[in-house]
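Okay, so here's the structure we're looking at.
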Amino acid sequence: MTAFTVRGAASEADLRACFAVRTEVFVVEQSVPESIEYDAYDADALHVLAEGPGGEPLGTGRLLHGPAALAKTGDLTVGSLGRLAVTRSARGLGVGVALVRAIEAEAARLGLAAVELGAQTHALGFYERLGYTAYGPEFEDAGIPHRSMRRTLP
């Protein structure tokens, strides 16, 4: 499979598909407790969904903006990219890159100047290749080491 599409999650069914991917990747594969995987930010976040040619969910991510982003980044002009997840079967196909770029496009459309994220340390190279720069010390989130990263939008 090489064909996929990325779009904003527009319905409850889309959100369920996004959450199913997150459960598969974070809860099942990475043992993140379900009680912390889903949070109050999900209700107002902009979610994106990658789908295969048959409509099967392949990946997801979310963008926090406005007051939710302010709580995360301390700056209303900076969005917070998070919960980026790609199913095992879709890894290596460019799905993650397409999701990040779709989230960045939405951030730019909203007038945001930059995007920040907390990257699992094993994924630093992935985000660096997309123009993100790590800053600050390593920190733990859900028992997994992370680093803060930022990219100024063009």
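Chain identifiers are assigned as A, B, and so on, following the order in which chains appear in the structure tokens; residues are numbered from 1 within each chain, and ligands are numbered from 1 in order of appearance.
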Could you tell me, as a ChimeraX atom specification, which residues of segment 22-92 of chain A DSSP assigns to strand (DSSP E or B) when given the backbone? /A:46-51,57-64,78-86
Save out the residues we just selected, C-alpha atoms, as an mmCIF file, in the first residue's frame.
```cif
data_model
loop_
_atom_site.group_PDB
_atom_site.id
_atom_site.type_symbol
_atom_site.label_atom_id
_atom_site.label_comp_id
_atom_site.auth_asym_id
_atom_site.auth_seq_id
_atom_site.Cartn_x
_atom_site.Cartn_y
_atom_site.Cartn_z
ATOM 1 C CA LEU A 46 -7.949 20.175 15.429
ATOM 2 C CA HIS A 47 -7.439 16.486 14.559
ATOM 3 C CA VAL A 48 -6.052 15.157 11.282
ATOM 4 C CA LEU A 49 -6.536 11.663 9.928
ATOM 5 C CA ALA A 50 -4.557 9.679 7.364
ATOM 6 C CA GLU A 51 -6.538 6.989 5.551
ATOM 7 C CA PRO A 57 -7.133 4.699 9.443
ATOM 8 C CA LEU A 58 -3.340 4.829 9.103
ATOM 9 C CA GLY A 59 -2.342 7.757 11.297
ATOM 10 C CA THR A 60 -3.433 10.787 13.228
ATOM 11 C CA GLY A 61 -2.235 13.888 14.996
ATOM 12 C CA ARG A 62 -3.702 16.961 16.621
ATOM 13 C CA LEU A 63 -3.100 20.685 16.806
ATOM 14 C CA LEU A 64 -3.861 22.706 19.905
ATOM 15 C CA VAL A 78 2.367 29.110 18.833
ATOM 16 C CA GLY A 79 0.426 25.918 18.179
ATOM 17 C CA SER A 80 1.079 22.617 19.899
ATOM 18 C CA LEU A 81 1.395 19.536 17.684
ATOM 19 C CA GLY A 82 0.739 16.318 19.549
ATOM 20 C CA ARG A 83 -0.503 12.773 19.612
ATOM 21 C CA LEU A 84 1.143 12.030 16.258
ATOM 22 C CA ALA A 85 0.717 8.313 15.657
ATOM 23 C CA VAL A 86 1.111 6.042 12.625
#
```
Among A:Phe26, A:Tyr38, A:Phe19, A:Phe139, Arg88 of chain A is approached most closely, using only C-alpha atoms, by A:Phe26
Interatomic distance, atom CA of Glu138 of chain A to atom CA of Gly118 of chain A (Å, one decimal):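 Computing the Euclidean distance for atom CA of Glu138 of chain A and atom CA of Gly118 of chain A yields 9.7 Å.
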Residue with smallest distance to Val27 of chain A - pool A:Met149, A:Thr77, A:Glu12, A:Ala142, counting only C-alpha atoms: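 Selected residue with least distance to Val27 of chain A: A:Ala142.
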